[in-house]
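Below is one structure, written out as C-alpha cells, with a few remarks after it.
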Amino acid sequence: MSRKQEEVSNSSSEYRSEDDYAWIPWYCSLEGNEFFAEVDDQYVQDGFNLTGLSQQVVYYDYALDMILDVESTDEILSDDQQEMVENDAETLYGLVHARFILTNRGLHAMLQKYRNCDFGICPRVLCKGHPMLPMGLSDTLNEDSVKLYCAKCKNIYNSRLSRHEHIDGAFFGTTFPSLFFLTFPELMPTGKLDHYVPKMFGFKVHKDAYKKSEEHKKLMSNKHMLKKKSTERKA
C-alpha cells in the first residue's frame, strides 16, 4: 500500500465536510456520466480493492486524493499537471467502478438504475422498450467505448447519445451483464423472442420466394441477351 493510501485509510480528519459537494456524486451527476453508479467511499478507501490500479494511472496518488476529497499538501502542481490529475481521477474512478459493480452493493446500485431505465431501452422495436445494461467489449482501457446490452434480444448496441462515446467500456467490463442476471435471475426475459415476419397483402412471404424471384430475374436476363444477339446477327 502506498503512503497516500495509508493516509486515506487512517486519517478521516482530512475529509471535507459532508455538507460539501463531494467529488464522486458530482462526477456521477455530470451529463454523459449517467451510467455510473456512486462508488462507496469505504470501497475506495480499501487498498485491497485498488490492487494493481496504480500501474495504470500516472498521477495515481493525486487522483485518489481527488476522488476521496482529500486536500493534497505535498506540492503545488502546474495547470497542465492539474489537468492530467483530473483526467487520471476520471480514469481511476472508472477502473474502480468496474470492480465495484461486481460487488453486492454495486450490483444493487445498478439494479435501481436498471429499473429506472437509466441506461436506456432497446432500440429494437420488437423488444418493446426492454431496459438495457452498460458493458464493455474489453476489460482493457482505450479499446472501445461503452456498449449497451439487451437481455431480451441478446444483442449489443451503441448508445444513441454521442456524449457516451468518450466513456471507456473497461469502466463497466465484460463480466457485469452476466453477473447481474445471475444475481437477479427473475429479471432475465423468458419466452420466445418475437421476430418480424415479412408480409405482402396480409400474407407471409414464403422463405423461397426471394430465391425464386432471383432465378426468374436471371432467366429473363438471359432471354434478353439471347434475343439481343439474335437481332444483331440478322442485322
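FYI, nothing fancy with the C-alpha cells labels: chains A, B, ... in order, residues from 1 per chain, ligands from 1 as they appear.
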Shell of 8 Å around region 149-154 of chain A, only C-alpha atoms, local chain residues under 2 positions omitted, as an MDAnalysis selection string = chainID A and resid 122 127 130:135 147 156:157 177 188:190 193
key: Secondary structure check, alpha helix (DSSP H) residues of region 11-209 of chain A, as a PyMOL selection string   = chain A and resi 23-29+41-45+60-67+79-100+104-115+176-183+209
message = My list of candidates is A:Phe180, A:Lys207, A:Ser230, A:Leu219. Which is closest to Leu102 (chain A) when distances are computed with only C-alpha atoms?
response =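 Smallest distance to Leu102 (chain A) is found for A:Phe180.
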Residue nearest Ser159 (chain A) - candidates A:Val58, A:Arg115, A:Val85, A:Phe35, atoms counted: only C-alpha atoms = A:Phe35
With only C-alpha atoms as the counted atoms, please give the residues lying no more than 6 Å from region 89-101 of chain A, apart from itself and same-chain residues fewer than 5 positions off, as an mmCIF file with N, CA and C atoms, in the first residue's frame.
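Final output, saved to part.cif:
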```
data_model
loop_
_atom_site.group_PDB
_atom_site.id
_atom_site.type_symbol
_atom_site.label_atom_id
_atom_site.label_comp_id
_atom_site.auth_asym_id
_atom_site.auth_seq_id
_atom_site.Cartn_x
_atom_site.Cartn_y
_atom_site.Cartn_z
ATOM 1 N N ALA A 63 -4.767 11.494 -7.960
ATOM 2 C CA ALA A 63 -6.097 11.163 -8.456
ATOM 3 C C ALA A 63 -6.949 10.551 -7.354
ATOM 4 N N GLY A 106 -22.613 -2.866 -5.258
ATOM 5 C CA GLY A 106 -22.582 -2.296 -6.596
ATOM 6 C C GLY A 106 -23.680 -2.835 -7.492
ATOM 7 N N LEU A 107 -23.931 -4.123 -7.399
ATOM 8 C CA LEU A 107 -24.991 -4.730 -8.204
ATOM 9 C C LEU A 107 -26.359 -4.153 -7.847
ATOM 10 N N PHE A 171 -14.686 0.618 -18.079
ATOM 11 C CA PHE A 171 -15.245 1.128 -16.824
ATOM 12 C C PHE A 171 -16.468 0.315 -16.373
ATOM 13 N N PHE A 172 -16.916 -0.600 -17.236
ATOM 14 C CA PHE A 172 -18.040 -1.488 -16.901
ATOM 15 C C PHE A 172 -17.643 -2.959 -17.053
ATOM 16 N N GLY A 173 -16.769 -3.232 -18.000
ATOM 17 C CA GLY A 173 -16.211 -4.560 -18.134
ATOM 18 C C GLY A 173 -17.107 -5.565 -18.838
#
```
task = Point out the residue among A:Tyr27, A:Thr183, A:Val70, A:Val205 with the least atom-to-atom distance to Gln45 (chain A), counting only C-alpha atoms.
result = A:Val70
task = Considering only C-alpha atoms, state which residue in the set A:Ser162, A:Gln56, A:Ser145, A:Ser221 is at the smallest distance from Glu31 (chain A).
result = A:Ser162
List every residue of region 27-164 of chain A that DSSP, applied to the backbone of this structure, places in strand (DSSP E or B), and write the result as an mmCIF file with C-alpha atoms, in the first residue's frame.
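Output file states_1.cif is given in full below:
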```
data_model
loop_
_atom_site.group_PDB
_atom_site.id
_atom_site.type_symbol
_atom_site.label_atom_id
_atom_site.label_comp_id
_atom_site.auth_asym_id
_atom_site.auth_seq_id
_atom_site.Cartn_x
_atom_site.Cartn_y
_atom_site.Cartn_z
ATOM 1 C CA VAL A 70 -8.521 14.721 0.401
ATOM 2 C CA ILE A 121 -34.197 0.968 -23.677
ATOM 3 C CA PRO A 131 -34.234 -1.855 -20.472
ATOM 4 C CA LEU A 133 -27.312 -2.641 -19.274
ATOM 5 C CA PRO A 134 -23.940 -0.972 -19.939
ATOM 6 C CA MET A 135 -20.979 -3.210 -20.677
ATOM 7 C CA SER A 145 -16.442 2.792 -25.798
ATOM 8 C CA LYS A 147 -21.900 -0.560 -25.196
ATOM 9 C CA LEU A 148 -25.469 -1.417 -24.194
ATOM 10 C CA TYR A 149 -26.728 -4.981 -23.831
ATOM 11 C CA CYS A 150 -30.344 -6.080 -24.203
ATOM 12 C CA ASN A 155 -27.761 -8.010 -28.895
ATOM 13 C CA ILE A 156 -25.278 -5.232 -28.174
ATOM 14 C CA TYR A 157 -25.822 -1.632 -29.265
ATOM 15 C CA ASN A 158 -24.038 1.694 -29.283
#
```
